[in-house]
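Have a look at input-v7.cif; it's mmCIF, C-alpha atoms:
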data_structure
loop_
_atom_site.label_atom_id
_atom_site.label_comp_id
_atom_site.auth_asym_id
_atom_site.auth_seq_id
_atom_site.Cartn_x
_atom_site.Cartn_y
_atom_site.Cartn_z
CA MET A 24 -23.97 3.62 -6.13
CA PRO A 25 -20.40 2.58 -6.93
CA VAL A 26 -19.52 -0.23 -9.27
CA PHE A 27 -17.88 -2.93 -7.19
CA THR A 28 -15.19 -4.90 -9.00
CA ASP A 29 -13.97 -8.03 -7.28
CA ILE A 30 -10.27 -8.85 -7.42
CA PRO A 31 -10.17 -12.66 -7.46
CA GLN A 32 -7.61 -14.47 -5.31
CA ASP A 33 -5.61 -15.63 -8.34
CA GLU A 34 -5.31 -12.04 -9.64
CA PHE A 35 -4.22 -10.90 -6.18
CA VAL A 36 -1.54 -13.62 -6.03
CA ALA A 37 -0.39 -12.70 -9.56
CA ALA A 38 -0.06 -9.06 -8.44
CA ILE A 39 2.09 -10.10 -5.49
CA ARG A 40 4.28 -12.20 -7.77
CA ALA A 41 4.65 -9.25 -10.16
CA ILE A 42 5.85 -6.96 -7.38
CA ALA A 43 8.18 -9.67 -6.03
CA ALA A 44 9.65 -10.03 -9.53
CA GLN A 45 10.21 -6.27 -9.73
CA LEU A 46 12.06 -6.39 -6.42
CA ALA A 47 14.12 -9.39 -7.52
CA THR A 48 15.29 -7.65 -10.69
CA SER A 49 16.17 -4.39 -8.96
CA VAL A 50 19.97 -4.20 -9.06
CA ASP A 51 20.43 -1.07 -6.96
CA TRP A 52 17.84 -1.34 -4.20
CA ARG A 53 16.49 -4.16 -2.04
CA PRO A 54 14.43 -3.66 1.11
CA ASP A 55 15.34 -5.11 4.47
CA PHE A 56 11.68 -5.12 5.53
CA ILE A 57 8.24 -5.08 3.95
CA ILE A 58 6.02 -2.64 5.87
CA GLY A 59 2.31 -3.42 5.57
CA ILE A 60 0.12 -0.33 5.71
CA GLY A 61 -3.03 -1.05 7.71
CA ARG A 62 -5.53 -1.92 6.85
CA GLY A 63 -5.51 -2.68 3.12
CA GLY A 64 -1.79 -3.38 2.87
CA LEU A 65 -1.52 -5.91 5.67
CA THR A 66 -2.58 -9.03 3.79
CA PRO A 67 -0.56 -8.10 0.69
CA ALA A 68 2.48 -7.49 2.93
CA VAL A 69 2.23 -10.99 4.42
CA PHE A 70 2.07 -12.50 0.93
CA LEU A 71 4.94 -10.35 -0.39
CA SER A 72 7.01 -11.17 2.70
CA HIS A 73 6.71 -14.85 1.83
CA ALA A 74 7.20 -14.33 -1.92
CA ALA A 75 10.30 -12.17 -1.51
CA GLY A 76 11.72 -13.94 1.54
CA LEU A 77 11.77 -10.73 3.56
CA PRO A 78 10.54 -10.01 7.08
CA MET A 79 7.43 -7.91 7.55
CA LEU A 80 6.48 -5.12 9.94
CA SER A 81 3.34 -2.96 9.93
CA VAL A 82 1.88 0.45 10.59
CA ASP A 83 -1.81 1.16 10.96
CA PHE A 84 -2.73 4.33 9.13
CA SER A 85 -6.44 3.59 8.69
CA SER A 86 -7.31 3.56 12.40
CA GLN A 87 -5.78 7.01 13.03
CA VAL A 88 -4.59 5.76 16.44
CA ALA A 89 -1.23 7.49 17.02
CA ASP A 90 0.27 4.58 18.98
CA PHE A 91 -0.09 2.39 15.89
CA ALA A 92 0.26 4.97 13.12
CA ASP A 93 2.67 7.83 13.73
CA GLU A 94 4.75 6.46 16.62
CA PRO A 95 5.93 3.40 14.65
CA LEU A 96 6.98 5.73 11.83
CA VAL A 97 9.46 7.41 14.18
CA LYS A 98 10.95 3.99 14.97
CA LEU A 99 11.04 3.05 11.29
CA ALA A 100 12.77 6.34 10.39
CA ALA A 101 15.42 5.50 13.00
CA ARG A 102 15.96 2.13 11.33
CA THR A 103 16.80 3.94 8.07
CA ARG A 104 19.44 5.93 9.92
CA ALA A 105 20.92 2.57 10.91
CA GLY A 106 21.18 1.69 7.21
CA GLU A 107 17.99 -0.30 6.67
CA ARG A 108 15.75 0.04 3.62
CA LEU A 109 11.98 -0.17 3.94
CA LEU A 110 9.31 -0.99 1.36
CA PHE A 111 5.86 0.22 2.34
CA LEU A 112 3.03 -1.76 0.74
CA ASP A 113 -0.65 -0.87 0.37
CA ASP A 114 -3.47 -2.27 -1.71
CA ILE A 115 -4.12 0.84 -3.80
CA ASN A 116 -2.60 4.26 -4.35
CA ASP A 117 -5.86 6.06 -4.96
CA SER A 118 -5.79 9.72 -3.98
CA GLY A 119 -2.24 9.55 -2.60
CA ARG A 120 -3.37 10.80 0.81
CA THR A 121 -1.96 7.82 2.73
CA ILE A 122 1.42 7.94 0.98
CA THR A 123 1.62 11.73 1.40
CA HIS A 124 1.04 11.34 5.13
CA LEU A 125 3.55 8.51 5.53
CA ARG A 126 6.27 10.23 3.50
CA GLY A 127 5.82 13.46 5.43
CA ALA A 128 5.89 11.74 8.81
CA LEU A 129 8.97 9.73 7.87
CA VAL A 130 10.83 12.84 6.64
CA ALA A 131 9.83 14.72 9.80
CA ALA A 132 11.19 11.81 11.86
CA GLY A 133 14.52 11.95 10.04
CA ALA A 134 14.27 9.05 7.59
CA VAL A 135 17.28 8.81 5.28
CA PRO A 136 16.46 9.87 1.70
CA GLY A 137 16.42 6.90 -0.66
CA SER A 138 15.83 4.36 2.09
CA ILE A 139 12.04 4.33 1.74
CA ARG A 140 10.05 3.10 -1.24
CA PHE A 141 6.37 2.42 -1.85
CA ALA A 142 4.50 -0.35 -3.66
CA THR A 143 0.82 -0.91 -4.32
CA LEU A 144 -1.16 -3.59 -6.06
CA ILE A 145 -3.02 -0.89 -8.02
CA ASP A 146 -1.56 2.53 -8.81
CA ASN A 147 -3.79 5.41 -9.87
CA LEU A 148 -2.00 7.47 -12.50
CA SER A 149 -3.93 10.58 -11.48
CA SER A 150 -2.92 10.24 -7.80
CA ALA A 151 -1.06 13.05 -6.08
CA GLU A 152 1.72 10.53 -5.26
CA ARG A 153 3.85 8.10 -7.24
CA VAL A 154 4.86 4.63 -6.16
CA ASP A 155 8.04 2.75 -7.01
CA TYR A 156 6.45 -0.64 -7.70
CA SER A 157 2.97 -1.68 -8.75
CA ALA A 158 1.27 -4.60 -10.43
CA ARG A 159 -1.45 -2.64 -12.21
CA THR A 160 -2.20 0.95 -13.12
CA ILE A 161 -5.52 2.69 -13.53
CA ASP A 162 -6.58 6.25 -14.19
CA ARG A 163 -9.34 7.42 -11.82
CA THR A 164 -10.40 10.02 -14.38
CA VAL A 165 -11.55 7.00 -16.43
CA THR A 166 -11.91 4.05 -14.02
CA LYS A 167 -14.43 4.71 -11.24
CA ASP A 168 -14.81 1.14 -9.97
CA TRP A 169 -14.43 0.38 -6.27
CA PHE A 170 -12.05 -2.57 -6.10
CA VAL A 171 -12.93 -5.31 -3.63
CA PHE A 172 -9.88 -7.28 -2.63
CA PRO A 173 -10.15 -10.88 -1.38
CA TRP A 174 -9.79 -9.88 2.29
CA GLU A 175 -12.72 -7.44 1.90
CA ALA A 176 -15.00 -9.93 0.14
CA ILE A 177 -16.66 -10.99 3.38
CA ALA A 178 -17.60 -7.44 4.35
CA PRO A 179 -21.30 -6.54 4.20
CA ALA A 180 -22.24 -4.64 1.03
CA ALA A 181 -23.29 -1.65 3.17
CA ALA A 182 -19.82 -1.47 4.73
CA LEU A 183 -18.18 -1.52 1.28
CA ALA A 184 -20.54 1.23 0.12
CA ASP A 185 -19.67 3.29 3.22
CA ASP A 186 -15.95 2.86 2.52
CA ALA A 187 -16.45 3.92 -1.09
CA ALA A 188 -18.55 6.93 -0.09
CA ALA A 189 -15.92 8.13 2.41
CA VAL A 190 -13.96 9.80 -0.39
CA PRO A 191 -16.52 10.48 -3.12
CA GLU A 192 -14.10 12.20 -5.50
CA ARG A 193 -12.49 8.81 -6.15
CA LEU A 194 -15.68 7.63 -7.77
CA ALA A 195 -17.20 10.82 -9.17
#
Output the file's structure as structure tokens, nothing else.
Amino acid sequence: MPVFTDIPQDEFVAAIRAIAAQLATSVDWRPDFIIGIGRGGLTPAVFLSHAAGLPMLSVDFSSQVADFADEPLVKLAARTRAGERLLFLDDINDSGRTITHLRGALVAAGAVPGSIRFATLIDNLSSAERVDYSARTIDRTVTKDWFVFPWEAIAPAAALADDAAAVPERLA
């Protein structure tokens, strides 16, 4: 059984403010849009959109429905060819699988190098992918907790356990 670690609302808000501050101090890169990655990155993207004063769009990777996952990536890649910069935001960079997929799909769709960056509230140092901005780092070789973000707090315990069990190597 995984160890569930709640992320309180005030810690979540502090994480958003930390990422917003990183964006504000970046002298060479500023996004035109925050892109929330569904499902875990949608709520953080709304908050970061408000904190940074930037508009928000979204893609839904978790559903695996092409109309809402891969097809929007083609449109977003086209926006980079028009000169726009996009910051993709998710709750956690755990295995890196989501970021690997998104980066690959964006490159395949012709996204301009340097126009795409990634941010997460929590970044796993042992992930296969790196992010450009994060509020907190962990090392999954040490930290096995399953983090429960405020928007997940109302989920039944069985659903959280199912989500955690979906990729057991994260917790092993």
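Summary of the local environment: counting all atoms listed in the file, residues at most 8 Å from Thr121 (chain A), other than itself and those fewer than 4 positions away along its chain, are Phe84, Asn116 and Leu125 of chain A.
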- Could you tell me which residues the PyMOL selection byres ((chain A and resi 27-29) around 7) grabs in this file, written as a ChimeraX atom specification? /A:25-26,30-31,168-172
- Near region 44-58 of chain A, counting only C-alpha atoms, which residues have an atom at most 8 Å away, once you skip same-chain residues fewer than 4 positions from it, shown as a PyMOL selection string? chain A and resi 40+68+71-72+75+77-82+107-112+156
- Any idea what's packed within 10 Å of Val36 (chain A), counting all atoms listed in the file, ignoring anything in its chain fewer than 6 positions away? Could you give it as a ChimeraX atom specification? /A:67,70-71,74
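In this comparison, which uses all atoms listed in the file, the residue of A:Leu99, A:Ile115, A:Ala37, A:Ile122 approaching Thr160 (chain A) most closely is A:Ile115.
Closest approach to Thr166 (chain A) from the set A:Asp114, A:Asp146, A:Asp93, A:Asp83 is made by A:Asp146, with distances taken over only C-alpha atoms.
The shortest atom-to-atom distance to Trp174 (chain A), with all atoms listed in the file taken into account, belongs to A:Arg62 out of A:Arg62, A:Arg140, A:Arg159, A:His73.
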- Message: What does the structure give for the distance between CA of Thr143 (chain A) and CA of Gln87 (chain A), in Å to one decimal?
- Response: 20.2 Å
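Across the model, the gap from CA of Pro95 (chain A) to CA of Thr66 (chain A) is 18.6 Å.
Across A:Ala132, A:Asp117, A:Asp155, A:Ser149, the tightest approach to Ala187 (chain A) is made by A:Asp117 when counting all atoms listed in the file.
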- Query: Quick one: distance from CA of Phe141 (chain A) to CA of Val154 (chain A) in Å, one decimal?
  - Reply: 5.1 Å
Let me know the residues the PyMOL selection byres ((chain A and resi 152) around 7) catches in the file above, as a compact mmCIF listing (two decimals) with C-alpha atoms, keeping the file's coordinate frame.
# COMPACT_ATOMS: atom_id res chain seq x y z
CA GLY A 119 -2.24 9.55 -2.60
CA ILE A 122 1.42 7.94 0.98
CA THR A 123 1.62 11.73 1.40
CA SER A 150 -2.92 10.24 -7.80
CA ALA A 151 -1.06 13.05 -6.08
CA ARG A 153 3.85 8.10 -7.24
CA VAL A 154 4.86 4.63 -6.16
